[in-house]
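In what follows, a structure is listed as structure tokens, so that the remarks can point back to it.
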Amino acid sequence: MKAVAITSGKGGVGKTNVTVNLGLALADAGRRCLLLDADMGLANLDVVLGWASHRTLLDVIEQRVSLESAIARVEPRLHLLPSPSGVLKLERLGEDQRARLVEDIERLRDDYDVLLVDTGSGLTENVLFFCDWADGVVLVTEPEPTALTDGYALVKVLSQSYDVTNIALLVNQVESSTQAAQIRDRFGSVCARHLNLSLPYLGNVLSDPTLPQAVAERRPVFRADSNSPASDCFRRIAARFDEALTCDPAQLRDRRYWTARRREQLQRKISLDPML
Ligand SMILES: Nc1ncnc2c1ncn2[C@@H]1O[C@H](COP(=O)(O)OP(=O)(O)O)[C@@H](O)[C@H]1O
Ligand SMILES: [Mg+2]
């Protein structure tokens, strides 16, 4: 299983729709996909999927049900781990609760080919944790300068403070692929110059009125109209998925080792220094 976090600096740029429709496009290409709603607090993957969930991650975290029994089999190759919305304690999960959750998820590695994690946005603990844990990250942005500067801020923190460098760029809501290519080049050159980081390009999704129409009907656009411009884009992105997000197992092991070491050192420092 390849675990990929779908994230953004700014909210409302299209992460949830990317998670759902990319998941469906990958499922149609024969991959077994699990979607995890980690936008804890403001979860809505189930809404975009048009799925009413009874059991959620909250039941799993509070140990009422097993992780396996909270998985909704939405389609044969598309499963969902939903979260409830408006639950503040989910937004404020402790480090140990998050660690237990991903340990549980690690047990599913052989059951799925791809795990897509909708992380929510911003520099929150939850977002940084899931991006750090995943094998790769998709940074979703729109052409607006605010989305681009917030996206850059997140890439900077991920790469410099967490050593997360396997980040691919997806530009949503563009008028043309030419506009997307300009944004890719500009964003890419800023990351190369200031962070010494090259971002693979996953692709773009055109701005398409079919998408919000489908959201209003609580259907994913990829199922509501598989020939819409947005659906074509998702198919193209699914075809590039493995190439843009290569996950070298040796490199991952190495990075996980150093991340664990850094956490241990930090913990020791905290327990020795009462001021921290
Ligand atoms: N490619 C697109 N074309 C048109 N509208 C879009 C597109 N992507 C997103 N939107 C609009 O933006 C809204 C927010 O998208 P969403 O996936 O919920 O963002 P996020 O999860 O990042 O907050 C959608 O409900 C839709 O109205
Ligand atoms: Mg969302």
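Chain lettering (A, B, ...) mirrors the order of the structure tokens, residue numbering begins at 1 for each chain separately, and ligand numbering begins at 1 in order of display.
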How would you report the residues lying within 9 Å of ligand 1, as a JSON list (two decimals) with C-alpha atoms, in the first residue's frame, if you count only C-alpha atoms and all ligand atoms?
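The resulting file, part.json, is reproduced below:
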```
[["chain", "number", "residue", "atom", "x", "y", "z"],
["A", 7, "THR", "CA", -3.03, 18.53, 1.75],
["A", 8, "SER", "CA", -2.99, 22.31, 1.24],
["A", 10, "LYS", "CA", -5.26, 27.22, 2.50],
["A", 11, "GLY", "CA", -8.71, 25.66, 2.92],
["A", 12, "GLY", "CA", -11.32, 25.34, 0.19],
["A", 13, "VAL", "CA", -8.86, 24.65, -2.64],
["A", 14, "GLY", "CA", -10.35, 21.24, -3.51],
["A", 15, "LYS", "CA", -8.60, 18.61, -1.33],
["A", 16, "THR", "CA", -11.75, 16.65, -0.52],
["A", 17, "ASN", "CA", -12.88, 16.55, -4.15],
["A", 18, "VAL", "CA", -9.38, 15.55, -5.27],
["A", 19, "THR", "CA", -9.28, 12.74, -2.67],
["A", 20, "VAL", "CA", -12.67, 11.33, -3.72],
["A", 39, "ASP", "CA", -9.71, 16.53, 8.29],
["A", 43, "ALA", "CA", -14.72, 16.10, 8.01],
["A", 44, "ASN", "CA", -16.76, 15.87, 4.80],
["A", 45, "LEU", "CA", -15.40, 13.08, 2.59],
["A", 48, "VAL", "CA", -18.82, 14.50, -1.26],
["A", 118, "ASP", "CA", -7.61, 14.00, 3.23],
["A", 119, "THR", "CA", -5.65, 15.97, 5.83],
["A", 120, "GLY", "CA", -7.43, 19.30, 6.12],
["A", 121, "SER", "CA", -5.38, 22.46, 5.67],
["A", 140, "VAL", "CA", -3.22, 21.00, -3.77],
["A", 141, "THR", "CA", -3.34, 24.67, -4.72],
["A", 142, "GLU", "CA", -5.43, 27.10, -6.73],
["A", 172, "ASN", "CA", -6.83, 22.87, -9.19],
["A", 173, "GLN", "CA", -9.44, 25.23, -10.63],
["A", 174, "VAL", "CA", -7.41, 26.44, -13.62],
["A", 204, "ASN", "CA", -4.11, 19.98, -12.99],
["A", 205, "VAL", "CA", -7.89, 19.97, -12.69],
["A", 206, "LEU", "CA", -9.79, 22.43, -14.85],
["A", 207, "SER", "CA", -12.33, 24.73, -13.29],
["A", 208, "ASP", "CA", -15.54, 22.94, -14.22],
["A", 209, "PRO", "CA", -19.13, 23.89, -13.20],
["A", 210, "THR", "CA", -20.07, 20.19, -13.34],
["A", 211, "LEU", "CA", -18.05, 19.66, -10.14],
["A", 212, "PRO", "CA", -19.98, 22.01, -7.79],
["A", 213, "GLN", "CA", -23.23, 20.78, -9.40],
["A", 214, "ALA", "CA", -22.28, 17.22, -8.47],
["A", 215, "VAL", "CA", -21.29, 18.32, -4.94],
["A", 216, "ALA", "CA", -24.75, 19.94, -4.56],
["A", 229, "PRO", "CA", -13.65, 18.11, -18.18],
["A", 230, "ALA", "CA", -12.88, 17.61, -14.46]]
```
Filtered DSSP result for range 38-222 of chain A, state helix (DSSP H, G or I), as number ranges by chain: A: 45-49, 57-61, 68-70, 88-91, 95-106, 125-133, 145-161, 177-195, 210-216, 221-222
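Compared by their closest atoms to Asp37 in chain A, and using only C-alpha atoms, the residues A:Ile61, A:Val4, A:Val117, A:Val138 rank with A:Val117 nearest.
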If you run DSSP on the backbone, which residues of range 97-198 of chain A are strand (DSSP E or B), as a JSON list (two decimals) with N, CA and C atoms, in the first residue's frame?
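Contents of states29.json, as written:
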```json
[["chain", "number", "residue", "atom", "x", "y", "z"],
["A", 114, "VAL", "N", -3.64, 1.60, -2.49],
["A", 114, "VAL", "CA", -3.44, 3.04, -2.26],
["A", 114, "VAL", "C", -4.29, 3.50, -1.08],
["A", 115, "LEU", "N", -3.68, 4.30, -0.21],
["A", 115, "LEU", "CA", -4.44, 4.99, 0.85],
["A", 115, "LEU", "C", -4.33, 6.48, 0.57],
["A", 116, "LEU", "N", -5.47, 7.16, 0.41],
["A", 116, "LEU", "CA", -5.45, 8.61, 0.24],
["A", 116, "LEU", "C", -6.00, 9.24, 1.53],
["A", 117, "VAL", "N", -5.20, 10.12, 2.12],
["A", 117, "VAL", "CA", -5.58, 10.76, 3.38],
["A", 117, "VAL", "C", -5.93, 12.23, 3.11],
["A", 118, "ASP", "N", -7.19, 12.59, 3.33],
["A", 118, "ASP", "CA", -7.61, 14.00, 3.23],
["A", 118, "ASP", "C", -7.25, 14.64, 4.57],
["A", 119, "THR", "N", -6.22, 15.53, 4.54],
["A", 119, "THR", "CA", -5.65, 15.97, 5.83],
["A", 119, "THR", "C", -6.27, 17.23, 6.42],
["A", 120, "GLY", "N", -7.10, 17.96, 5.66],
["A", 120, "GLY", "CA", -7.43, 19.30, 6.12],
["A", 120, "GLY", "C", -6.29, 20.22, 5.74],
["A", 121, "SER", "N", -6.37, 21.50, 6.16],
["A", 121, "SER", "CA", -5.38, 22.46, 5.67],
["A", 121, "SER", "C", -4.66, 23.18, 6.80],
["A", 136, "GLY", "N", 4.04, 9.73, 0.77],
["A", 136, "GLY", "CA", 4.17, 10.86, -0.15],
["A", 136, "GLY", "C", 3.05, 11.85, 0.13],
["A", 137, "VAL", "N", 3.23, 13.08, -0.38],
["A", 137, "VAL", "CA", 2.27, 14.16, -0.13],
["A", 137, "VAL", "C", 1.86, 14.78, -1.46],
["A", 138, "VAL", "N", 0.57, 15.08, -1.60],
["A", 138, "VAL", "CA", 0.10, 15.88, -2.74],
["A", 138, "VAL", "C", -0.28, 17.24, -2.20],
["A", 139, "LEU", "N", 0.38, 18.29, -2.67],
["A", 139, "LEU", "CA", 0.01, 19.65, -2.28],
["A", 139, "LEU", "C", -0.97, 20.18, -3.32],
["A", 140, "VAL", "N", -2.20, 20.47, -2.87],
["A", 140, "VAL", "CA", -3.22, 21.00, -3.77],
["A", 140, "VAL", "C", -3.22, 22.52, -3.64],
["A", 141, "THR", "N", -3.23, 23.21, -4.77],
["A", 141, "THR", "CA", -3.34, 24.67, -4.72],
["A", 141, "THR", "C", -4.26, 25.16, -5.82],
["A", 167, "ILE", "N", 6.99, 15.49, -2.20],
["A", 167, "ILE", "CA", 5.77, 16.29, -2.33],
["A", 167, "ILE", "C", 5.51, 16.56, -3.81],
["A", 168, "ALA", "N", 4.31, 16.17, -4.28],
["A", 168, "ALA", "CA", 3.94, 16.44, -5.68],
["A", 168, "ALA", "C", 2.91, 17.56, -5.71],
["A", 169, "LEU", "N", 2.94, 18.34, -6.79],
["A", 169, "LEU", "CA", 2.06, 19.51, -6.90],
["A", 169, "LEU", "C", 0.85, 19.20, -7.78],
["A", 170, "LEU", "N", -0.33, 19.62, -7.32],
["A", 170, "LEU", "CA", -1.56, 19.51, -8.13],
["A", 170, "LEU", "C", -2.21, 20.88, -8.15],
["A", 171, "VAL", "N", -2.44, 21.42, -9.34],
["A", 171, "VAL", "CA", -3.05, 22.75, -9.44],
["A", 171, "VAL", "C", -4.51, 22.59, -9.85],
["A", 172, "ASN", "N", -5.39, 23.02, -8.96],
["A", 172, "ASN", "CA", -6.83, 22.87, -9.19],
["A", 172, "ASN", "C", -7.45, 24.19, -9.65],
["A", 173, "GLN", "N", -8.63, 24.07, -10.25],
["A", 173, "GLN", "CA", -9.44, 25.23, -10.63],
["A", 173, "GLN", "C", -8.71, 26.17, -11.58],
["A", 174, "VAL", "N", -8.06, 25.60, -12.61],
["A", 174, "VAL", "CA", -7.41, 26.44, -13.62],
["A", 174, "VAL", "C", -8.30, 26.56, -14.85]]
```
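Minimum atom-to-atom distance to ligand 2, evaluated using only C-alpha atoms and all ligand atoms, belongs to A:Leu36 out of A:Ala25, A:Leu36, A:Leu93, A:Ala238.
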Write out as a ChimeraX atom specification the residues lying within 12 Å of His194 in chain A, counting only C-alpha atoms and excluding same-chain residues fewer than 6 positions away. /A:152-153,155-156,159-160,187-188
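Nearest residue to Arg236 in chain A among A:Ala70, A:Gln63, A:Leu202, A:Gly41 is A:Leu202, counting only C-alpha atoms.
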Please identify all polymer residues within 12 Å of Pro76 in chain A, counting only C-alpha atoms, omitting same-chain residues fewer than 5 positions from it, and present them as a PDB file with N, CA and C atoms, in the first residue's frame.
```pdb
ATOM      1  N   LEU A  24     -11.563   7.397  -7.004  1.00  0.00           N
ATOM      2  CA  LEU A  24     -12.446   6.684  -7.944  1.00  0.00           C
ATOM      3  C   LEU A  24     -11.723   6.380  -9.254  1.00  0.00           C
ATOM      4  N   ALA A  27      -9.481   3.556  -8.616  1.00  0.00           N
ATOM      5  CA  ALA A  27     -10.274   2.333  -8.453  1.00  0.00           C
ATOM      6  C   ALA A  27     -10.681   1.792  -9.831  1.00  0.00           C
ATOM      7  N   ASP A  28     -11.092   2.688 -10.722  1.00  0.00           N
ATOM      8  CA  ASP A  28     -11.480   2.257 -12.077  1.00  0.00           C
ATOM      9  C   ASP A  28     -10.289   1.687 -12.841  1.00  0.00           C
ATOM     10  N   GLY A  30      -8.240  -0.230 -11.512  1.00  0.00           N
ATOM     11  CA  GLY A  30      -7.960  -1.546 -10.935  1.00  0.00           C
ATOM     12  C   GLY A  30      -7.268  -1.537  -9.586  1.00  0.00           C
ATOM     13  N   ARG A  31      -7.082  -0.343  -8.992  1.00  0.00           N
ATOM     14  CA  ARG A  31      -6.378  -0.286  -7.696  1.00  0.00           C
ATOM     15  C   ARG A  31      -7.385  -0.368  -6.549  1.00  0.00           C
ATOM     16  N   ARG A  32      -6.982  -1.051  -5.474  1.00  0.00           N
ATOM     17  CA  ARG A  32      -7.832  -1.112  -4.284  1.00  0.00           C
ATOM     18  C   ARG A  32      -7.514   0.112  -3.422  1.00  0.00           C
ATOM     19  N   CYS A  33      -8.515   0.989  -3.262  1.00  0.00           N
ATOM     20  CA  CYS A  33      -8.263   2.274  -2.594  1.00  0.00           C
ATOM     21  C   CYS A  33      -9.004   2.381  -1.270  1.00  0.00           C
ATOM     22  N   LEU A  34      -8.316   2.974  -0.304  1.00  0.00           N
ATOM     23  CA  LEU A  34      -8.949   3.333   0.967  1.00  0.00           C
ATOM     24  C   LEU A  34      -8.798   4.841   1.135  1.00  0.00           C
ATOM     25  N   TYR A 112      -4.844  -3.027   0.720  1.00  0.00           N
ATOM     26  CA  TYR A 112      -5.086  -1.951  -0.252  1.00  0.00           C
ATOM     27  C   TYR A 112      -3.827  -1.636  -1.046  1.00  0.00           C
TER      28      TYR A 112
END
```
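Computed from the coordinates, the CA of Ile71 in chain A to CA of Val87 in chain A distance equals 19.2 Å.
The environment of Asn21 in chain A within 9 Å, counting only C-alpha atoms and disregarding residues fewer than 6 places along the same chain, consists of A:Leu49, A:Pro220, A:Val221, A:Phe222, A:Arg223, A:Ser231, A:Phe234, A:Arg235.
For the choices A:Glu68, A:Val47, A:Glu103, A:Gly23, the atom-to-atom distance to ligand 2 is smallest for A:Val47 when using only C-alpha atoms and all ligand atoms.
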